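Student: Below you'll find run15.pdb; it's PDB, N, CA and C atoms.
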```pdb
MODEL        1
ATOM      1  N   MET A   1      -9.988  15.134 -10.272  1.00  0.00           N
ATOM      2  CA  MET A   1      -8.829  15.926  -9.978  1.00  0.00           C
ATOM      3  C   MET A   1      -8.695  17.002 -11.053  1.00  0.00           C
ATOM      4  N   LYS A   2      -8.608  18.238 -10.658  1.00  0.00           N
ATOM      5  CA  LYS A   2      -8.472  19.337 -11.595  1.00  0.00           C
ATOM      6  C   LYS A   2      -6.988  19.592 -11.856  1.00  0.00           C
ATOM      7  N   LEU A   3      -6.641  19.762 -13.134  1.00  0.00           N
ATOM      8  CA  LEU A   3      -5.260  19.992 -13.527  1.00  0.00           C
ATOM      9  C   LEU A   3      -5.072  21.441 -13.953  1.00  0.00           C
ATOM     10  N   ASP A   4      -3.878  21.974 -13.720  1.00  0.00           N
ATOM     11  CA  ASP A   4      -3.563  23.347 -14.122  1.00  0.00           C
ATOM     12  C   ASP A   4      -3.335  23.467 -15.619  1.00  0.00           C
ATOM     13  N   ALA A   5      -2.878  22.407 -16.243  1.00  0.00           N
ATOM     14  CA  ALA A   5      -2.589  22.415 -17.676  1.00  0.00           C
ATOM     15  C   ALA A   5      -3.301  21.229 -18.318  1.00  0.00           C
ATOM     16  N   PRO A   6      -3.541  21.311 -19.619  1.00  0.00           N
ATOM     17  CA  PRO A   6      -4.187  20.186 -20.296  1.00  0.00           C
ATOM     18  C   PRO A   6      -3.311  18.934 -20.208  1.00  0.00           C
ATOM     19  N   ALA A   7      -3.916  17.836 -19.865  1.00  0.00           N
ATOM     20  CA  ALA A   7      -3.178  16.575 -19.769  1.00  0.00           C
ATOM     21  C   ALA A   7      -3.053  15.951 -21.149  1.00  0.00           C
ATOM     22  N   THR A   8      -1.941  15.296 -21.386  1.00  0.00           N
ATOM     23  CA  THR A   8      -1.733  14.612 -22.657  1.00  0.00           C
ATOM     24  C   THR A   8      -1.657  13.100 -22.484  1.00  0.00           C
ATOM     25  N   ARG A   9      -1.440  12.646 -21.235  1.00  0.00           N
ATOM     26  CA  ARG A   9      -1.352  11.211 -20.963  1.00  0.00           C
ATOM     27  C   ARG A   9      -1.990  10.906 -19.617  1.00  0.00           C
ATOM     28  N   ALA A  10      -2.440   9.665 -19.482  1.00  0.00           N
ATOM     29  CA  ALA A  10      -2.960   9.179 -18.203  1.00  0.00           C
ATOM     30  C   ALA A  10      -2.121   7.971 -17.806  1.00  0.00           C
ATOM     31  N   ARG A  11      -1.767   7.900 -16.551  1.00  0.00           N
ATOM     32  CA  ARG A  11      -1.005   6.758 -16.040  1.00  0.00           C
ATOM     33  C   ARG A  11      -1.970   5.855 -15.277  1.00  0.00           C
ATOM     34  N   VAL A  12      -1.971   4.574 -15.642  1.00  0.00           N
ATOM     35  CA  VAL A  12      -2.851   3.590 -15.029  1.00  0.00           C
ATOM     36  C   VAL A  12      -1.975   2.488 -14.416  1.00  0.00           C
ATOM     37  N   ALA A  13      -2.300   2.103 -13.194  1.00  0.00           N
ATOM     38  CA  ALA A  13      -1.536   1.026 -12.550  1.00  0.00           C
ATOM     39  C   ALA A  13      -2.472   0.176 -11.698  1.00  0.00           C
ATOM     40  N   VAL A  14      -2.185  -1.107 -11.672  1.00  0.00           N
ATOM     41  CA  VAL A  14      -2.891  -2.040 -10.791  1.00  0.00           C
ATOM     42  C   VAL A  14      -1.865  -2.520  -9.769  1.00  0.00           C
ATOM     43  N   VAL A  15      -2.125  -2.185  -8.506  1.00  0.00           N
ATOM     44  CA  VAL A  15      -1.212  -2.559  -7.419  1.00  0.00           C
ATOM     45  C   VAL A  15      -1.921  -3.565  -6.521  1.00  0.00           C
ATOM     46  N   VAL A  16      -1.275  -4.687  -6.273  1.00  0.00           N
ATOM     47  CA  VAL A  16      -1.816  -5.741  -5.415  1.00  0.00           C
ATOM     48  C   VAL A  16      -1.201  -5.585  -4.027  1.00  0.00           C
ATOM     49  N   GLU A  17      -2.049  -5.610  -3.019  1.00  0.00           N
ATOM     50  CA  GLU A  17      -1.600  -5.532  -1.636  1.00  0.00           C
ATOM     51  C   GLU A  17      -2.018  -6.826  -0.925  1.00  0.00           C
ATOM     52  N   PRO A  18      -1.209  -7.896  -1.071  1.00  0.00           N
ATOM     53  CA  PRO A  18      -1.616  -9.194  -0.542  1.00  0.00           C
ATOM     54  C   PRO A  18      -1.737  -9.241   0.978  1.00  0.00           C
ATOM     55  N   ASP A  19      -1.060  -8.371   1.676  1.00  0.00           N
ATOM     56  CA  ASP A  19      -1.089  -8.404   3.135  1.00  0.00           C
ATOM     57  C   ASP A  19      -1.831  -7.215   3.737  1.00  0.00           C
ATOM     58  N   ALA A  20      -2.749  -6.617   2.993  1.00  0.00           N
ATOM     59  CA  ALA A  20      -3.481  -5.439   3.484  1.00  0.00           C
ATOM     60  C   ALA A  20      -4.224  -5.757   4.785  1.00  0.00           C
ATOM     61  N   PHE A  21      -4.825  -6.931   4.877  1.00  0.00           N
ATOM     62  CA  PHE A  21      -5.526  -7.302   6.109  1.00  0.00           C
ATOM     63  C   PHE A  21      -4.569  -7.298   7.291  1.00  0.00           C
ATOM     64  N   TYR A  22      -3.393  -7.897   7.090  1.00  0.00           N
ATOM     65  CA  TYR A  22      -2.435  -8.022   8.190  1.00  0.00           C
ATOM     66  C   TYR A  22      -1.863  -6.675   8.620  1.00  0.00           C
ATOM     67  N   VAL A  23      -1.702  -5.748   7.682  1.00  0.00           N
ATOM     68  CA  VAL A  23      -1.241  -4.400   8.050  1.00  0.00           C
ATOM     69  C   VAL A  23      -2.217  -3.804   9.059  1.00  0.00           C
ATOM     70  N   GLY A  24      -3.497  -3.834   8.746  1.00  0.00           N
ATOM     71  CA  GLY A  24      -4.503  -3.306   9.666  1.00  0.00           C
ATOM     72  C   GLY A  24      -4.556  -4.074  10.972  1.00  0.00           C
ATOM     73  N   PHE A  25      -4.437  -5.386  10.899  1.00  0.00           N
ATOM     74  CA  PHE A  25      -4.480  -6.229  12.091  1.00  0.00           C
ATOM     75  C   PHE A  25      -3.314  -5.922  13.029  1.00  0.00           C
ATOM     76  N   PHE A  26      -2.108  -5.864  12.476  1.00  0.00           N
ATOM     77  CA  PHE A  26      -0.932  -5.580  13.306  1.00  0.00           C
ATOM     78  C   PHE A  26      -0.970  -4.159  13.870  1.00  0.00           C
ATOM     79  N   GLU A  27      -1.439  -3.192  13.077  1.00  0.00           N
ATOM     80  CA  GLU A  27      -1.555  -1.818  13.585  1.00  0.00           C
ATOM     81  C   GLU A  27      -2.531  -1.760  14.763  1.00  0.00           C
ATOM     82  N   THR A  28      -3.630  -2.489  14.652  1.00  0.00           N
ATOM     83  CA  THR A  28      -4.608  -2.531  15.746  1.00  0.00           C
ATOM     84  C   THR A  28      -4.009  -3.181  16.987  1.00  0.00           C
ATOM     85  N   LEU A  29      -3.304  -4.280  16.803  1.00  0.00           N
ATOM     86  CA  LEU A  29      -2.651  -4.927  17.946  1.00  0.00           C
ATOM     87  C   LEU A  29      -1.698  -3.972  18.661  1.00  0.00           C
ATOM     88  N   LEU A  30      -0.924  -3.236  17.894  1.00  0.00           N
ATOM     89  CA  LEU A  30       0.045  -2.317  18.495  1.00  0.00           C
ATOM     90  C   LEU A  30      -0.661  -1.159  19.209  1.00  0.00           C
ATOM     91  N   ARG A  31      -1.761  -0.667  18.642  1.00  0.00           N
ATOM     92  CA  ARG A  31      -2.521   0.417  19.295  1.00  0.00           C
ATOM     93  C   ARG A  31      -3.120  -0.060  20.619  1.00  0.00           C
ATOM     94  N   GLN A  32      -3.549  -1.300  20.659  1.00  0.00           N
ATOM     95  CA  GLN A  32      -4.199  -1.837  21.857  1.00  0.00           C
ATOM     96  C   GLN A  32      -3.200  -2.343  22.888  1.00  0.00           C
ATOM     97  N   GLY A  33      -1.947  -2.398  22.527  1.00  0.00           N
ATOM     98  CA  GLY A  33      -0.923  -2.886  23.447  1.00  0.00           C
ATOM     99  C   GLY A  33      -0.597  -4.335  23.157  1.00  0.00           C
ATOM    100  N   ALA A  34       0.537  -4.564  22.585  1.00  0.00           N
ATOM    101  CA  ALA A  34       0.904  -5.909  22.151  1.00  0.00           C
ATOM    102  C   ALA A  34       1.667  -6.690  23.210  1.00  0.00           C
ATOM    103  N   GLY A  35       2.012  -6.044  24.296  1.00  0.00           N
ATOM    104  CA  GLY A  35       2.723  -6.748  25.364  1.00  0.00           C
ATOM    105  C   GLY A  35       4.117  -7.169  24.959  1.00  0.00           C
ATOM    106  N   ARG A  36       4.518  -8.330  25.447  1.00  0.00           N
ATOM    107  CA  ARG A  36       5.877  -8.804  25.193  1.00  0.00           C
ATOM    108  C   ARG A  36       6.128  -9.153  23.739  1.00  0.00           C
ATOM    109  N   GLY A  37       5.080  -9.342  22.951  1.00  0.00           N
ATOM    110  CA  GLY A  37       5.240  -9.681  21.537  1.00  0.00           C
ATOM    111  C   GLY A  37       5.412  -8.475  20.635  1.00  0.00           C
ATOM    112  N   GLU A  38       5.467  -7.281  21.217  1.00  0.00           N
ATOM    113  CA  GLU A  38       5.516  -6.068  20.393  1.00  0.00           C
ATOM    114  C   GLU A  38       6.665  -6.048  19.386  1.00  0.00           C
ATOM    115  N   PRO A  39       7.885  -6.406  19.742  1.00  0.00           N
ATOM    116  CA  PRO A  39       8.956  -6.364  18.729  1.00  0.00           C
ATOM    117  C   PRO A  39       8.666  -7.265  17.518  1.00  0.00           C
ATOM    118  N   GLN A  40       8.120  -8.438  17.759  1.00  0.00           N
ATOM    119  CA  GLN A  40       7.810  -9.352  16.657  1.00  0.00           C
ATOM    120  C   GLN A  40       6.657  -8.822  15.810  1.00  0.00           C
ATOM    121  N   ILE A  41       5.678  -8.211  16.453  1.00  0.00           N
ATOM    122  CA  ILE A  41       4.542  -7.661  15.700  1.00  0.00           C
ATOM    123  C   ILE A  41       5.005  -6.475  14.860  1.00  0.00           C
ATOM    124  N   ARG A  42       5.871  -5.636  15.397  1.00  0.00           N
ATOM    125  CA  ARG A  42       6.417  -4.521  14.601  1.00  0.00           C
ATOM    126  C   ARG A  42       7.193  -5.041  13.387  1.00  0.00           C
ATOM    127  N   GLN A  43       7.947  -6.109  13.592  1.00  0.00           N
ATOM    128  CA  GLN A  43       8.698  -6.717  12.495  1.00  0.00           C
ATOM    129  C   GLN A  43       7.744  -7.274  11.437  1.00  0.00           C
ATOM    130  N   ALA A  44       6.698  -7.956  11.874  1.00  0.00           N
ATOM    131  CA  ALA A  44       5.705  -8.501  10.943  1.00  0.00           C
ATOM    132  C   ALA A  44       4.980  -7.382  10.203  1.00  0.00           C
ATOM    133  N   LEU A  45       4.684  -6.282  10.904  1.00  0.00           N
ATOM    134  CA  LEU A  45       4.021  -5.141  10.269  1.00  0.00           C
ATOM    135  C   LEU A  45       4.890  -4.557   9.164  1.00  0.00           C
ATOM    136  N   GLU A  46       6.167  -4.377   9.435  1.00  0.00           N
ATOM    137  CA  GLU A  46       7.062  -3.827   8.411  1.00  0.00           C
ATOM    138  C   GLU A  46       7.162  -4.753   7.202  1.00  0.00           C
ATOM    139  N   ALA A  47       7.205  -6.045   7.426  1.00  0.00           N
ATOM    140  CA  ALA A  47       7.238  -7.007   6.313  1.00  0.00           C
ATOM    141  C   ALA A  47       5.942  -6.929   5.502  1.00  0.00           C
ATOM    142  N   ALA A  48       4.803  -6.825   6.182  1.00  0.00           N
ATOM    143  CA  ALA A  48       3.512  -6.733   5.489  1.00  0.00           C
ATOM    144  C   ALA A  48       3.417  -5.446   4.679  1.00  0.00           C
ATOM    145  N   ARG A  49       3.973  -4.364   5.190  1.00  0.00           N
ATOM    146  CA  ARG A  49       3.948  -3.086   4.455  1.00  0.00           C
ATOM    147  C   ARG A  49       4.810  -3.128   3.194  1.00  0.00           C
ATOM    148  N   ARG A  50       5.758  -4.035   3.130  1.00  0.00           N
ATOM    149  CA  ARG A  50       6.628  -4.147   1.951  1.00  0.00           C
ATOM    150  C   ARG A  50       6.076  -5.108   0.895  1.00  0.00           C
ATOM    151  N   SER A  51       4.920  -5.709   1.128  1.00  0.00           N
ATOM    152  CA  SER A  51       4.425  -6.751   0.228  1.00  0.00           C
ATOM    153  C   SER A  51       3.704  -6.253  -1.036  1.00  0.00           C
ATOM    154  N   PRO A  52       3.207  -5.011  -1.117  1.00  0.00           N
ATOM    155  CA  PRO A  52       2.521  -4.604  -2.349  1.00  0.00           C
ATOM    156  C   PRO A  52       3.435  -4.680  -3.579  1.00  0.00           C
ATOM    157  N   PHE A  53       2.811  -5.030  -4.716  1.00  0.00           N
ATOM    158  CA  PHE A  53       3.547  -5.061  -5.974  1.00  0.00           C
ATOM    159  C   PHE A  53       2.625  -4.652  -7.115  1.00  0.00           C
ATOM    160  N   THR A  54       3.223  -4.141  -8.175  1.00  0.00           N
ATOM    161  CA  THR A  54       2.482  -3.672  -9.343  1.00  0.00           C
ATOM    162  C   THR A  54       2.416  -4.800 -10.366  1.00  0.00           C
ATOM    163  N   VAL A  55       1.204  -5.144 -10.810  1.00  0.00           N
ATOM    164  CA  VAL A  55       1.035  -6.194 -11.815  1.00  0.00           C
ATOM    165  C   VAL A  55       0.806  -5.624 -13.209  1.00  0.00           C
ATOM    166  N   PHE A  56       0.459  -4.337 -13.276  1.00  0.00           N
ATOM    167  CA  PHE A  56       0.203  -3.713 -14.563  1.00  0.00           C
ATOM    168  C   PHE A  56       0.433  -2.217 -14.429  1.00  0.00           C
ATOM    169  N   ALA A  57       1.129  -1.641 -15.378  1.00  0.00           N
ATOM    170  CA  ALA A  57       1.308  -0.185 -15.412  1.00  0.00           C
ATOM    171  C   ALA A  57       1.440   0.244 -16.860  1.00  0.00           C
ATOM    172  N   ARG A  58       0.747   1.318 -17.182  1.00  0.00           N
ATOM    173  CA  ARG A  58       0.798   1.801 -18.564  1.00  0.00           C
ATOM    174  C   ARG A  58       0.463   3.284 -18.594  1.00  0.00           C
ATOM    175  N   GLU A  59       1.085   3.992 -19.521  1.00  0.00           N
ATOM    176  CA  GLU A  59       0.725   5.376 -19.798  1.00  0.00           C
ATOM    177  C   GLU A  59      -0.042   5.401 -21.113  1.00  0.00           C
ATOM    178  N   LEU A  60      -1.192   6.035 -21.081  1.00  0.00           N
ATOM    179  CA  LEU A  60      -2.059   6.078 -22.257  1.00  0.00           C
ATOM    180  C   LEU A  60      -2.168   7.490 -22.790  1.00  0.00           C
ATOM    181  N   PRO A  61      -2.034   7.689 -24.092  1.00  0.00           N
ATOM    182  CA  PRO A  61      -2.229   9.028 -24.643  1.00  0.00           C
ATOM    183  C   PRO A  61      -3.694   9.425 -24.567  1.00  0.00           C
ATOM    184  N   LEU A  62      -3.946  10.689 -24.293  1.00  0.00           N
ATOM    185  CA  LEU A  62      -5.321  11.183 -24.195  1.00  0.00           C
ATOM    186  C   LEU A  62      -5.774  11.852 -25.486  1.00  0.00           C
ATOM    187  N   ARG A  63      -4.906  12.002 -26.406  1.00  0.00           N
ATOM    188  CA  ARG A  63      -5.280  12.656 -27.687  1.00  0.00           C
ATOM    189  C   ARG A  63      -4.969  11.790 -28.851  1.00  0.00           C
TER     190      ARG A  63
ENDMDL
END
```
Starting from the coordinates I provided, produce the structure as structure tokens.
Tutor:
Amino acid sequence: MKLDAPATRARVAVVVEPDAFYVGFFETLLRQGAGRGEPQIRQALEAARRSPFTVFARELPLR
């Protein structure tokens, strides 16, 4: 990534997405037609999208 100004710090984060598989699975089900279960699958998809969390975050000086 090219920056317009010299950077003085870098931000590093580790984000865990425990339900990443299910997000893709539910999205595929909805694209293919979920039938009568669609409201429940949409609800499950929204819950899965809210599951990521940060386990580590730090700003590091570059100079």
Student: List every residue of stretch 4-55 of chain A that DSSP, applied to the backbone of this structure, assigns to strand (DSSP E or B), and report them as a PyMOL selection string.
Tutor: chain A and resi 9-16+53-55
Student: Can you translate the PyMOL selection byres (((chain A and resi 57 and name CA) around 6) and name CA) into the concrete residues it hits in this file, as a ChimeraX atom specification?
Tutor: /A:12-13,56,58
Student: Can you write just those residues out, N, CA and C atoms, as a JSON list (two decimals), in the coordinates of the input?
Tutor:
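Result file is selection03.json:
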```json
[["chain", "number", "residue", "atom", "x", "y", "z"],
["A", 12, "VAL", "N", -1.97, 4.57, -15.64],
["A", 12, "VAL", "CA", -2.85, 3.59, -15.03],
["A", 12, "VAL", "C", -1.98, 2.49, -14.42],
["A", 13, "ALA", "N", -2.30, 2.10, -13.19],
["A", 13, "ALA", "CA", -1.54, 1.03, -12.55],
["A", 13, "ALA", "C", -2.47, 0.18, -11.70],
["A", 56, "PHE", "N", 0.46, -4.34, -13.28],
["A", 56, "PHE", "CA", 0.20, -3.71, -14.56],
["A", 56, "PHE", "C", 0.43, -2.22, -14.43],
["A", 58, "ARG", "N", 0.75, 1.32, -17.18],
["A", 58, "ARG", "CA", 0.80, 1.80, -18.56],
["A", 58, "ARG", "C", 0.46, 3.28, -18.59]]
```
Student: Need the shell around A:Pro18: protein/DNA/RNA residues with any atom at most 7 Å away, counting all atoms listed in the file. Skip same-chain ones fewer than 5 positions apart. Format as an MDAnalysis selection string?
Tutor: chainID A and resid 51:53
Student: Might you spell out which residues the PyMOL selection byres (((chain A and resi 9 and name CA) around 6) and name CA) would select in the displayed file, as a list of chain:residue names?
Tutor: A:Ala7, A:Thr8, A:Ala10, A:Leu60, A:Pro61, A:Leu62
Student: Any idea what's packed within 12 Å of A:Arg50, counting only C-alpha atoms, ignoring anything in its chain fewer than 2 positions away? Could you give it as an MDAnalysis selection string?
Tutor: chainID A and resid 16:20 22:23 43:48 52:53
Student: Quick one: residues within 12 Å of A:Thr28, only C-alpha atoms counted, chain neighbours fewer than 6 positions away excluded, as a count of residues only?
Tutor: 7
Student: What is the atom N of A:Arg11 to atom N of A:Arg63 distance in Å?
Tutor: 11.1 Å
Student: Could you go through chain A and tell me which residues DSSP, when run on the backbone, assigns to alpha helix (DSSP H), listing them as number ranges by chain?
Tutor: A: 20-32, 38-49
Student: Just the number, please: distance in Å from atom N of A:Gln40 to atom C of A:Phe26, one decimal.
Tutor: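 Straight-line distance from atom N of A:Gln40 to atom C of A:Phe26 works out to 10.8 Å.
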